[in-house]
Amino acid sequence: MKITTIQELLDAKVLCCEESLGKHVYSACGSDMMSDVLAYVKDQAVLLTGLVNPQVVRTAEMMDMICIVFVRSKMPSPQMIELARENGIVMMTTERRMYDACGILYTNGLIGKKVVHV
Amino acid sequence: MSEDLVFHFDVDGENFTSAGQASVQVKKNLRQLGLSPEIIRRVSIAMYEGEINMVIHAGGGVADVRVNENYIEIVLEDHGPGIKNVEMAMQEGYSTAPDDVRSLGFGAGMGLPNMKRYTDSMKIDTVVGEGTTITMRVNLV
Ligand SMILES: Nc1ncnc2c1ncn2[C@@H]1O[C@H](COP(=O)(O)OP(=O)(O)OP(=O)(O)O)[C@@H](O)[C@H]1O
Ligand SMILES: [Mg+2]
């Protein structure tokens, strides 16, 4: 799925790195706990979260993720947007709640991944 | 590389907003060295978890990363409260983090197990009331 499709499906507002909307992603994960993300995710390129602080961007960066979607209309600070831009991570925000946002992406073909430990 | 490369960072324990900056910088440095993305990811996740722990549990500390032909070594040293029961702390889900830490997205009790999982070796030296030093290695050969 292209990142631009995620934006359309979730009717999300893009906050930075529009130039990367054409990139393809193959799986995603949704969580508000960053060390759960760090534990179970492998090669997921998209992070959906309701948590808003700079650690969300750093966690995504550590995991080589390329897109962060904030649910429930959460709005990151300008510093967070700048941090994402520096790292080339597309950031967007949607009115959808976590469950709905994940469900919409999943039913449209962006399935998650089986839990694999390194 | 003929000589070991060494990176040193002070990790500010007063500031959760900046927590993780050292790990982000190390990730950049390792990319410049042309190491494989998989190795880089393992090192940076392990260091990031350790760095966050130093900030939320120990009031900050210092981080040293050494890179040579054979391995990447991360040493995280703090003078925090120490870990009373290491065996318990190593279990997934064990956390003493207060609720305010949990609302920041941490405190799932996954950090130490993650660090062990992503590295080839991990040693915890800790003395209650004095501090904790964690040494992790990711082998390159
Ligand atoms: N540097 C440290 N100094 C003192 N105690 C520590 C330190 N690192 C870890 N601990 C103790 O070990 C426990 C387990 O650590 P671990 O990183 O696995 O989980 P956590 O930090 O509580 O949550 P998470 O890592 O999932 O955000 C902590 O809750 C804390 O009690
Ligand atoms: Mg931790």
# chains A, B, ... in the order shown; residues from 1 in each chain; ligands from 1
>>> residues_near_ligand(ligand="ligand 1", cutoff="6 Å", atoms="only C-alpha atoms and all ligand atoms", output="PyMOL selection string")
(chain A and resi 35) or (chain B and resi 53-54+57-58+80-83+89-90+94-97+106-113+132)
>>> write_last_selection(atoms="all heavy atoms", output="short mmCIF file (atom, residue, chain, number, x, y, z; two decimals), in the first residue's frame")
data_model
loop_
_atom_site.label_atom_id
_atom_site.label_comp_id
_atom_site.auth_asym_id
_atom_site.auth_seq_id
_atom_site.Cartn_x
_atom_site.Cartn_y
_atom_site.Cartn_z
N SER A 35 7.75 0.54 24.36
CA SER A 35 8.63 -0.63 24.44
C SER A 35 7.96 -1.90 23.94
O SER A 35 8.64 -2.86 23.59
CB SER A 35 9.27 -0.82 25.82
OG SER A 35 8.37 -0.56 26.83
N ASN B 53 15.82 3.82 30.19
CA ASN B 53 15.87 3.32 31.57
C ASN B 53 16.70 4.24 32.47
O ASN B 53 16.30 4.53 33.59
CB ASN B 53 16.47 1.91 31.62
CG ASN B 53 15.44 0.84 31.32
OD1 ASN B 53 14.26 1.13 31.16
ND2 ASN B 53 15.89 -0.39 31.24
N MET B 54 17.85 4.68 31.96
CA MET B 54 18.69 5.57 32.77
C MET B 54 17.94 6.85 33.12
O MET B 54 18.09 7.38 34.20
CB MET B 54 19.98 5.94 32.02
CG MET B 54 21.00 4.83 32.00
SD MET B 54 22.68 5.46 31.78
CE MET B 54 22.59 6.12 30.16
N HIS B 57 14.54 5.64 35.42
CA HIS B 57 14.76 4.92 36.67
C HIS B 57 15.97 5.41 37.46
O HIS B 57 16.10 5.10 38.64
CB HIS B 57 14.96 3.42 36.41
CG HIS B 57 13.84 2.76 35.67
ND1 HIS B 57 12.56 2.71 36.17
CD2 HIS B 57 13.79 2.14 34.47
CE1 HIS B 57 11.79 2.06 35.31
NE2 HIS B 57 12.51 1.72 34.27
N ALA B 58 16.89 6.12 36.83
CA ALA B 58 18.18 6.35 37.50
C ALA B 58 18.66 7.80 37.48
O ALA B 58 19.78 8.08 37.91
CB ALA B 58 19.24 5.43 36.89
N GLY B 80 22.14 5.71 39.89
CA GLY B 80 20.77 5.68 40.40
C GLY B 80 20.62 4.70 41.55
O GLY B 80 21.60 4.33 42.19
N PRO B 81 19.41 4.24 41.78
CA PRO B 81 19.10 3.41 42.95
C PRO B 81 19.61 1.97 42.85
O PRO B 81 19.59 1.25 43.85
CB PRO B 81 17.57 3.43 43.00
CG PRO B 81 17.16 3.66 41.58
CD PRO B 81 18.21 4.56 40.99
N GLY B 82 20.06 1.55 41.67
CA GLY B 82 20.43 0.15 41.49
C GLY B 82 19.20 -0.72 41.32
O GLY B 82 18.07 -0.26 41.50
N ILE B 83 19.42 -1.98 40.93
CA ILE B 83 18.30 -2.90 40.72
C ILE B 83 18.35 -3.97 41.81
O ILE B 83 19.33 -4.69 41.93
CB ILE B 83 18.38 -3.56 39.32
CG1 ILE B 83 18.44 -2.48 38.24
CG2 ILE B 83 17.20 -4.50 39.09
CD1 ILE B 83 18.67 -3.01 36.84
N ALA B 89 13.78 -8.28 37.34
CA ALA B 89 13.78 -7.15 36.40
C ALA B 89 13.91 -7.63 34.96
O ALA B 89 13.41 -6.99 34.03
CB ALA B 89 14.91 -6.18 36.74
N MET B 90 14.56 -8.77 34.78
CA MET B 90 14.76 -9.31 33.43
C MET B 90 13.51 -9.95 32.86
O MET B 90 13.44 -10.28 31.68
CB MET B 90 15.89 -10.35 33.43
CG MET B 90 17.29 -9.78 33.53
SD MET B 90 17.67 -8.61 32.22
CE MET B 90 17.47 -9.64 30.76
N TYR B 94 7.75 -7.14 34.02
CA TYR B 94 8.07 -6.63 35.36
C TYR B 94 8.52 -5.18 35.26
O TYR B 94 9.46 -4.85 34.55
CB TYR B 94 9.17 -7.46 36.03
CG TYR B 94 9.56 -6.87 37.37
CD1 TYR B 94 8.84 -7.17 38.52
CD2 TYR B 94 10.62 -5.97 37.47
CE1 TYR B 94 9.18 -6.61 39.74
CE2 TYR B 94 10.97 -5.39 38.69
CZ TYR B 94 10.25 -5.71 39.82
OH TYR B 94 10.57 -5.15 41.01
N SER B 95 7.83 -4.31 35.97
CA SER B 95 8.18 -2.90 35.93
C SER B 95 7.83 -2.22 37.24
O SER B 95 6.79 -2.49 37.82
CB SER B 95 7.43 -2.20 34.79
OG SER B 95 7.66 -0.81 34.86
N THR B 96 8.71 -1.34 37.70
CA THR B 96 8.39 -0.55 38.88
C THR B 96 8.04 0.88 38.48
O THR B 96 7.90 1.77 39.32
CB THR B 96 9.60 -0.48 39.85
OG1 THR B 96 10.68 0.13 39.15
CG2 THR B 96 10.00 -1.86 40.32
N ALA B 97 7.90 1.10 37.16
CA ALA B 97 7.64 2.46 36.67
C ALA B 97 6.31 2.98 37.20
O ALA B 97 5.32 2.27 37.19
CB ALA B 97 7.64 2.47 35.15
N PHE B 106 6.04 4.32 28.29
CA PHE B 106 7.03 3.36 28.77
C PHE B 106 6.54 2.72 30.07
O PHE B 106 5.52 3.13 30.61
CB PHE B 106 8.38 4.04 28.94
CG PHE B 106 8.98 4.42 27.62
CD1 PHE B 106 8.67 5.63 27.02
CD2 PHE B 106 9.78 3.51 26.93
CE1 PHE B 106 9.17 5.94 25.76
CE2 PHE B 106 10.29 3.83 25.68
CZ PHE B 106 9.99 5.06 25.10
N GLY B 107 7.28 1.71 30.54
CA GLY B 107 6.86 1.06 31.77
C GLY B 107 6.08 -0.22 31.50
O GLY B 107 5.28 -0.65 32.32
N ALA B 108 6.31 -0.85 30.35
CA ALA B 108 5.67 -2.12 30.05
C ALA B 108 6.49 -3.29 30.60
O ALA B 108 6.06 -4.44 30.56
CB ALA B 108 5.48 -2.28 28.55
N GLY B 109 7.67 -2.97 31.10
CA GLY B 109 8.54 -4.03 31.59
C GLY B 109 9.17 -4.85 30.47
O GLY B 109 9.49 -6.02 30.63
N MET B 110 9.36 -4.20 29.33
CA MET B 110 9.91 -4.90 28.16
C MET B 110 11.35 -4.49 27.84
O MET B 110 12.00 -5.10 27.00
CB MET B 110 9.04 -4.61 26.93
CG MET B 110 7.63 -5.17 27.00
SD MET B 110 7.59 -6.93 27.33
CE MET B 110 8.43 -7.52 25.87
N GLY B 111 11.84 -3.43 28.48
CA GLY B 111 13.13 -2.87 28.08
C GLY B 111 14.31 -3.81 28.25
O GLY B 111 15.03 -4.10 27.28
N LEU B 112 14.52 -4.29 29.46
CA LEU B 112 15.66 -5.18 29.70
C LEU B 112 15.58 -6.46 28.86
O LEU B 112 16.58 -6.84 28.24
CB LEU B 112 15.79 -5.49 31.20
CG LEU B 112 16.27 -4.32 32.09
CD1 LEU B 112 16.16 -4.69 33.57
CD2 LEU B 112 17.71 -3.92 31.75
N PRO B 113 14.41 -7.14 28.83
CA PRO B 113 14.32 -8.31 27.94
C PRO B 113 14.61 -7.96 26.48
O PRO B 113 15.25 -8.73 25.77
CB PRO B 113 12.88 -8.80 28.10
CG PRO B 113 12.38 -8.19 29.37
CD PRO B 113 13.18 -6.96 29.63
N THR B 132 24.06 1.42 38.53
CA THR B 132 23.99 0.28 37.62
C THR B 132 24.87 0.54 36.40
O THR B 132 24.89 1.64 35.87
CB THR B 132 22.52 0.10 37.14
OG1 THR B 132 21.67 -0.06 38.29
CG2 THR B 132 22.37 -1.10 36.23
#
>>> select_by_dssp(residues="chain B", states="strand (DSSP E or B)", output="JSON, numbers by chain")
{"B": [5, 6, 7, 8, 9, 10, 11, 12, 60, 61, 62, 63, 64, 65, 66, 67, 71, 72, 73, 74, 75, 76, 77, 78, 121, 122, 123, 124, 125, 126, 127, 131, 132, 133, 134, 135, 136, 137, 138, 139]}
>>> interface_residues(of="chain B", to="chain A", cutoff="9 Å", atoms="only C-alpha atoms", output="ChimeraX atom specification")
/B:16-21,23-24,27,37,40-42,44-45,48-49,102-111,113-114,117-118
>>> atom_distance(atom1="CA of Val90 in chain A", atom2="CA of Ser77 in chain A")
14.6 Å
>>> select_by_dssp(residues="range 14-79 of chain B", states="helix (DSSP H, G or I)", output="number ranges by chain")
B: 16-18, 21-32, 37-58
>>> write_last_selection(atoms="N, CA and C atoms", output="compact mmCIF listing (two decimals), in the first residue's frame")
# COMPACT_ATOMS: atom_id res chain seq x y z
N PHE B 16 12.93 14.22 30.08
CA PHE B 16 12.41 13.08 29.31
C PHE B 16 12.32 13.40 27.82
N THR B 17 12.08 14.67 27.51
CA THR B 17 11.93 15.08 26.11
C THR B 17 13.17 14.75 25.28
N SER B 18 14.34 14.90 25.89
CA SER B 18 15.56 14.65 25.13
C SER B 18 16.04 13.20 25.23
N GLN B 21 18.27 10.80 22.61
CA GLN B 21 19.09 11.55 21.65
C GLN B 21 20.42 10.86 21.37
N ALA B 22 21.03 10.31 22.41
CA ALA B 22 22.32 9.64 22.22
C ALA B 22 22.16 8.46 21.26
N SER B 23 21.08 7.71 21.44
CA SER B 23 20.86 6.55 20.59
C SER B 23 20.61 6.95 19.14
N VAL B 24 19.88 8.05 18.95
CA VAL B 24 19.64 8.55 17.59
C VAL B 24 20.97 8.92 16.94
N GLN B 25 21.85 9.57 17.73
CA GLN B 25 23.16 9.97 17.21
C GLN B 25 24.02 8.75 16.87
N VAL B 26 23.98 7.74 17.74
CA VAL B 26 24.76 6.53 17.48
C VAL B 26 24.27 5.86 16.20
N LYS B 27 22.96 5.85 16.04
CA LYS B 27 22.41 5.24 14.82
C LYS B 27 22.95 5.95 13.57
N LYS B 28 23.00 7.29 13.62
CA LYS B 28 23.54 8.06 12.50
C LYS B 28 25.01 7.70 12.25
N ASN B 29 25.78 7.65 13.35
CA ASN B 29 27.21 7.34 13.22
C ASN B 29 27.42 5.95 12.60
N LEU B 30 26.63 4.98 13.05
CA LEU B 30 26.80 3.62 12.55
C LEU B 30 26.42 3.53 11.07
N ARG B 31 25.40 4.32 10.68
CA ARG B 31 25.03 4.35 9.27
C ARG B 31 26.19 4.85 8.42
N GLN B 32 26.88 5.87 8.95
CA GLN B 32 28.00 6.43 8.19
C GLN B 32 29.13 5.42 8.04
N PRO B 37 21.91 -2.69 7.99
CA PRO B 37 20.74 -2.13 8.67
C PRO B 37 20.28 -2.99 9.84
N GLU B 38 20.38 -4.29 9.72
CA GLU B 38 19.95 -5.21 10.78
C GLU B 38 20.81 -5.00 12.04
N ILE B 39 22.12 -4.95 11.86
CA ILE B 39 23.04 -4.71 12.99
C ILE B 39 22.74 -3.35 13.62
N ILE B 40 22.58 -2.35 12.78
CA ILE B 40 22.33 -1.00 13.27
C ILE B 40 21.05 -0.95 14.08
N ARG B 41 20.03 -1.63 13.58
CA ARG B 41 18.75 -1.61 14.27
C ARG B 41 18.88 -2.27 15.64
N ARG B 42 19.55 -3.41 15.69
CA ARG B 42 19.71 -4.12 16.97
C ARG B 42 20.45 -3.25 17.99
N VAL B 43 21.56 -2.66 17.55
CA VAL B 43 22.34 -1.82 18.46
C VAL B 43 21.52 -0.62 18.92
N SER B 44 20.82 0.02 17.99
CA SER B 44 20.15 1.25 18.39
C SER B 44 18.94 0.98 19.27
N ILE B 45 18.22 -0.09 19.03
CA ILE B 45 17.08 -0.41 19.92
C ILE B 45 17.57 -0.74 21.33
N ALA B 46 18.62 -1.56 21.42
CA ALA B 46 19.14 -1.95 22.74
C ALA B 46 19.64 -0.72 23.50
N MET B 47 20.34 0.14 22.80
CA MET B 47 20.87 1.32 23.47
C MET B 47 19.74 2.27 23.87
N TYR B 48 18.77 2.41 22.99
CA TYR B 48 17.63 3.30 23.25
C TYR B 48 16.88 2.86 24.51
N GLU B 49 16.60 1.57 24.63
CA GLU B 49 15.92 1.06 25.83
C GLU B 49 16.75 1.35 27.08
N GLY B 50 18.06 1.14 26.97
CA GLY B 50 18.93 1.37 28.11
C GLY B 50 19.01 2.84 28.47
N GLU B 51 19.03 3.66 27.43
CA GLU B 51 19.08 5.11 27.66
C GLU B 51 17.80 5.60 28.34
N ILE B 52 16.66 5.12 27.87
CA ILE B 52 15.38 5.50 28.49
C ILE B 52 15.36 5.02 29.95
N ASN B 53 15.82 3.82 30.19
CA ASN B 53 15.87 3.32 31.57
C ASN B 53 16.70 4.24 32.47
N MET B 54 17.85 4.68 31.96
CA MET B 54 18.69 5.57 32.77
C MET B 54 17.94 6.85 33.12
N VAL B 55 17.13 7.33 32.18
CA VAL B 55 16.40 8.58 32.43
C VAL B 55 15.23 8.35 33.39
N ILE B 56 14.44 7.29 33.16
CA ILE B 56 13.24 7.15 33.98
C ILE B 56 13.50 6.47 35.32
N HIS B 57 14.54 5.64 35.42
CA HIS B 57 14.76 4.92 36.67
C HIS B 57 15.97 5.41 37.46
N ALA B 58 16.89 6.12 36.83
CA ALA B 58 18.18 6.35 37.50
C ALA B 58 18.66 7.80 37.48
>>> residues_around(residues="Lys23 in chain A", least_positions_apart="5", cutoff="9 Å", atoms="only C-alpha atoms", output="JSON, numbers by chain")
{"A": [1, 2, 3, 4, 66]}
>>> write_last_selection(atoms="N, CA, C and O atoms", output="PDB file, in the first residue's frame")
ATOM      1  N   MET A   1       0.840  -1.196   0.000  1.00  0.00           N
ATOM      2  CA  MET A   1       0.000   0.000   0.000  1.00  0.00           C
ATOM      3  C   MET A   1       0.880   1.254   0.000  1.00  0.00           C
ATOM      4  O   MET A   1       1.871   1.310   0.722  1.00  0.00           O
ATOM      5  N   LYS A   2       0.475   2.230  -0.811  1.00  0.00           N
ATOM      6  CA  LYS A   2       1.231   3.482  -0.780  1.00  0.00           C
ATOM      7  C   LYS A   2       0.824   4.321   0.438  1.00  0.00           C
ATOM      8  O   LYS A   2      -0.325   4.267   0.866  1.00  0.00           O
ATOM      9  N   ILE A   3       1.755   5.106   0.931  1.00  0.00           N
ATOM     10  CA  ILE A   3       1.442   5.943   2.099  1.00  0.00           C
ATOM     11  C   ILE A   3       0.295   6.903   1.766  1.00  0.00           C
ATOM     12  O   ILE A   3      -0.560   7.187   2.595  1.00  0.00           O
ATOM     13  N   THR A   4       0.247   7.320   0.540  1.00  0.00           N
ATOM     14  CA  THR A   4      -0.827   8.240   0.139  1.00  0.00           C
ATOM     15  C   THR A   4      -2.208   7.581   0.270  1.00  0.00           C
ATOM     16  O   THR A   4      -3.207   8.235   0.594  1.00  0.00           O
ATOM     17  N   ILE A  66       8.757   4.461   8.567  1.00  0.00           N
ATOM     18  CA  ILE A  66       8.769   5.640   7.706  1.00  0.00           C
ATOM     19  C   ILE A  66       7.482   6.458   7.761  1.00  0.00           C
ATOM     20  O   ILE A  66       7.331   7.453   7.073  1.00  0.00           O
TER      21      ILE A  66
END
>>> residues_around(residues="range 68-71 of chain A", least_positions_apart="2", cutoff="6 Å", atoms="only C-alpha atoms", output="tab-separated table (two decimals) with N, CA and C atoms, in the first residue's frame")
chain	number	residue	atom	x	y	z
A	46	VAL	N	4.83	1.36	9.40
A	46	VAL	CA	3.88	2.38	9.84
A	46	VAL	C	3.53	2.17	11.32
A	47	LEU	N	3.55	3.26	12.07
A	47	LEU	CA	3.16	3.20	13.48
A	47	LEU	C	1.90	4.04	13.69
A	48	LEU	N	0.83	3.39	14.16
A	48	LEU	CA	-0.37	4.15	14.56
A	48	LEU	C	-0.34	4.27	16.07
A	49	THR	N	-0.54	5.48	16.57
A	49	THR	CA	-0.47	5.65	18.02
A	49	THR	C	-1.32	6.83	18.50
A	50	GLY	N	-1.73	6.74	19.76
A	50	GLY	CA	-2.46	7.85	20.37
A	50	GLY	C	-1.56	8.59	21.34
A	73	SER	N	-7.31	12.48	16.47
A	73	SER	CA	-6.99	13.90	16.21
A	73	SER	C	-5.84	14.44	17.06
A	74	LYS	N	-4.98	13.57	17.55
A	74	LYS	CA	-3.84	14.04	18.34
A	74	LYS	C	-2.93	14.90	17.47
A	91	MET	N	4.48	12.17	8.76
A	91	MET	CA	3.64	12.24	9.95
A	91	MET	C	2.25	12.71	9.53
A	92	MET	N	1.21	12.04	10.06
A	92	MET	CA	-0.15	12.52	9.76
A	92	MET	C	-1.05	12.31	10.96
A	93	THR	N	-2.18	12.99	10.93
A	93	THR	CA	-3.12	12.86	12.05
A	93	THR	C	-4.53	12.65	11.51
A	94	THR	N	-5.26	11.71	12.16
A	94	THR	CA	-6.61	11.38	11.71
A	94	THR	C	-7.59	11.48	12.87
A	96	ARG	N	-9.95	9.39	13.25
A	96	ARG	CA	-10.32	8.02	13.60
A	96	ARG	C	-9.70	7.58	14.92
A	97	ARG	N	-10.42	6.70	15.60
A	97	ARG	CA	-9.84	6.13	16.81
A	97	ARG	C	-8.95	4.95	16.43
A	98	MET	N	-8.13	4.51	17.38
A	98	MET	CA	-7.14	3.47	17.09
A	98	MET	C	-7.75	2.23	16.44
>>> atom_distance(atom1="CA of Asp120 in chain B", atom2="CA of Asn139 in chain B")
6.5 Å
>>> closest_residue(among="B:Ile124, B:Glu92, B:Met136, B:Glu87", to="ligand 2", atoms="only C-alpha atoms and all ligand atoms")
B:Glu92
>>> closest_residue(among="B:Gln91, B:Ser2, B:Asn85, B:Asn70", to="ligand 2", atoms="only C-alpha atoms and all ligand atoms")
B:Gln91
>>> closest_residue(among="B:Asn68, B:His8, B:Val101, B:Ser36", to="ligand 2", atoms="only C-alpha atoms and all ligand atoms")
B:Val101
>>> closest_residue(among="B:Met115, B:Met88, B:Val128, B:Ile74", to="ligand 2", atoms="only C-alpha atoms and all ligand atoms")
B:Met115
>>> atom_distance(atom1="CA of Asn15 in chain B", atom2="CA of Pro78 in chain A")
17.9 Å
>>> residues_around(residues="range 63-67 of chain B", least_positions_apart="5", cutoff="8 Å", atoms="only C-alpha atoms", output="list in words")
Asp4, Leu5, Val6, Phe7, His8, Phe9, Asp10, Val11, Ala22, Val26, Glu51, Ile72, Glu73, Ile74, Val75, Leu76 and Glu77 of chain B
>>> write_last_selection(atoms="all heavy atoms", output="CSV table (one decimal), in the first residue's frame")
chain,number,residue,atom,x,y,z
B,4,ASP,N,39.9,1.3,17.5
B,4,ASP,CA,38.5,1.4,17.9
B,4,ASP,C,38.0,2.8,17.8
B,4,ASP,O,38.6,3.7,18.1
B,4,ASP,CB,38.4,0.9,19.4
B,4,ASP,CG,38.7,-0.6,19.6
B,4,ASP,OD1,39.1,-1.2,18.6
B,4,ASP,OD2,38.4,-1.1,20.7
B,5,LEU,N,36.7,2.9,17.4
B,5,LEU,CA,36.0,4.2,17.5
B,5,LEU,C,35.2,4.2,18.8
B,5,LEU,O,34.6,3.3,19.2
B,5,LEU,CB,35.0,4.2,16.3
B,5,LEU,CG,35.5,4.6,14.9
B,5,LEU,CD1,34.4,4.5,13.9
B,5,LEU,CD2,36.1,6.0,15.0
B,6,VAL,N,35.3,5.4,19.4
B,6,VAL,CA,34.6,5.5,20.7
B,6,VAL,C,33.7,6.7,20.7
B,6,VAL,O,34.1,7.8,20.3
B,6,VAL,CB,35.6,5.6,21.9
B,6,VAL,CG1,34.8,5.7,23.2
B,6,VAL,CG2,36.5,4.4,21.9
B,7,PHE,N,32.4,6.5,21.1
B,7,PHE,CA,31.5,7.7,21.2
B,7,PHE,C,31.1,7.8,22.6
B,7,PHE,O,30.8,6.8,23.3
B,7,PHE,CB,30.3,7.5,20.3
B,7,PHE,CG,30.6,7.1,18.9
B,7,PHE,CD1,30.2,5.8,18.4
B,7,PHE,CD2,31.2,8.0,18.0
B,7,PHE,CE1,30.4,5.5,17.1
B,7,PHE,CE2,31.4,7.7,16.7
B,7,PHE,CZ,31.1,6.4,16.2
B,8,HIS,N,31.1,9.0,23.1
B,8,HIS,CA,30.7,9.2,24.5
B,8,HIS,C,29.5,10.2,24.6
B,8,HIS,O,29.5,11.2,23.9
B,8,HIS,CB,31.9,9.8,25.3
B,8,HIS,CG,31.6,10.1,26.7
B,8,HIS,ND1,31.5,9.2,27.7
B,8,HIS,CD2,31.2,11.3,27.3
B,8,HIS,CE1,31.2,9.8,28.9
B,8,HIS,NE2,31.0,11.1,28.6
B,9,PHE,N,28.6,9.9,25.5
B,9,PHE,CA,27.4,10.8,25.7
B,9,PHE,C,27.1,11.0,27.1
B,9,PHE,O,27.2,10.0,27.9
B,9,PHE,CB,26.2,10.2,25.0
B,9,PHE,CG,26.4,9.9,23.5
B,9,PHE,CD1,26.8,8.7,23.1
B,9,PHE,CD2,26.1,10.9,22.6
B,9,PHE,CE1,27.0,8.4,21.8
B,9,PHE,CE2,26.3,10.6,21.2
B,9,PHE,CZ,26.7,9.4,20.8
B,10,ASP,N,26.7,12.2,27.5
B,10,ASP,CA,26.0,12.4,28.8
B,10,ASP,C,24.5,12.3,28.6
B,10,ASP,O,24.0,13.0,27.7
B,10,ASP,CB,26.4,13.8,29.4
B,10,ASP,CG,27.9,13.8,29.7
B,10,ASP,OD1,28.3,12.9,30.4
B,10,ASP,OD2,28.5,14.8,29.3
B,11,VAL,N,23.9,11.5,29.4
B,11,VAL,CA,22.4,11.3,29.3
B,11,VAL,C,21.8,12.1,30.4
B,11,VAL,O,21.9,11.8,31.6
B,11,VAL,CB,22.0,9.8,29.3
B,11,VAL,CG1,20.5,9.7,29.3
B,11,VAL,CG2,22.7,9.1,28.2
B,22,ALA,N,21.0,10.3,22.4
B,22,ALA,CA,22.3,9.6,22.2
B,22,ALA,C,22.2,8.5,21.3
B,22,ALA,O,23.0,8.3,20.4
B,22,ALA,CB,22.9,9.2,23.6
B,26,VAL,N,24.0,7.7,17.7
B,26,VAL,CA,24.8,6.5,17.5
B,26,VAL,C,24.3,5.9,16.2
B,26,VAL,O,25.1,5.4,15.4
B,26,VAL,CB,24.7,5.5,18.7
B,26,VAL,CG1,25.1,4.1,18.3
B,26,VAL,CG2,25.5,6.1,19.8
B,51,GLU,N,19.0,3.7,27.4
B,51,GLU,CA,19.1,5.1,27.7
B,51,GLU,C,17.8,5.6,28.3
B,51,GLU,O,17.8,6.4,29.3
B,51,GLU,CB,19.3,5.8,26.3
B,51,GLU,CG,19.6,7.3,26.4
B,51,GLU,CD,19.8,8.0,25.1
B,51,GLU,OE1,19.8,7.3,24.1
B,51,GLU,OE2,19.8,9.2,25.1
B,72,ILE,N,30.4,-4.3,18.4
B,72,ILE,CA,30.0,-3.0,18.9
B,72,ILE,C,29.6,-3.2,20.4
B,72,ILE,O,28.8,-4.1,20.7
B,72,ILE,CB,28.8,-2.5,18.2
B,72,ILE,CG1,29.1,-2.3,16.7
B,72,ILE,CG2,28.3,-1.1,18.7
B,72,ILE,CD1,27.9,-2.0,15.8
B,73,GLU,N,30.2,-2.4,21.3
B,73,GLU,CA,30.0,-2.5,22.7
B,73,GLU,C,29.3,-1.2,23.2
B,73,GLU,O,29.7,-0.1,22.9
B,73,GLU,CB,31.3,-2.7,23.5
B,73,GLU,CG,31.0,-3.0,24.9
B,73,GLU,CD,32.3,-3.3,25.6
B,73,GLU,OE1,33.1,-2.4,25.9
B,73,GLU,OE2,32.5,-4.5,25.9
B,74,ILE,N,28.2,-1.4,24.0
B,74,ILE,CA,27.5,-0.3,24.6
B,74,ILE,C,27.6,-0.4,26.1
B,74,ILE,O,27.3,-1.4,26.6
B,74,ILE,CB,26.0,-0.3,24.2
B,74,ILE,CG1,25.8,-0.5,22.7
B,74,ILE,CG2,25.3,0.9,24.7
B,74,ILE,CD1,24.5,-1.1,22.3
B,75,VAL,N,28.2,0.7,26.7
B,75,VAL,CA,28.2,0.7,28.2
B,75,VAL,C,27.4,1.8,28.7
B,75,VAL,O,27.6,3.0,28.4
B,75,VAL,CB,29.7,0.8,28.7
B,75,VAL,CG1,29.7,0.7,30.2
B,75,VAL,CG2,30.6,-0.3,28.1
B,76,LEU,N,26.4,1.5,29.5
B,76,LEU,CA,25.5,2.5,30.1
B,76,LEU,C,25.8,2.5,31.6
B,76,LEU,O,25.6,1.5,32.3
B,76,LEU,CB,24.1,2.2,29.8
B,76,LEU,CG,23.7,2.0,28.3
B,76,LEU,CD1,22.4,1.4,28.2
B,76,LEU,CD2,23.8,3.4,27.6
B,77,GLU,N,26.2,3.7,32.1
B,77,GLU,CA,26.5,3.7,33.6
B,77,GLU,C,25.7,4.8,34.3
B,77,GLU,O,25.7,5.9,33.8
B,77,GLU,CB,28.0,4.0,33.7
B,77,GLU,CG,28.5,3.9,35.2
B,77,GLU,CD,30.0,4.3,35.3
B,77,GLU,OE1,30.7,4.4,34.3
B,77,GLU,OE2,30.3,4.5,36.5
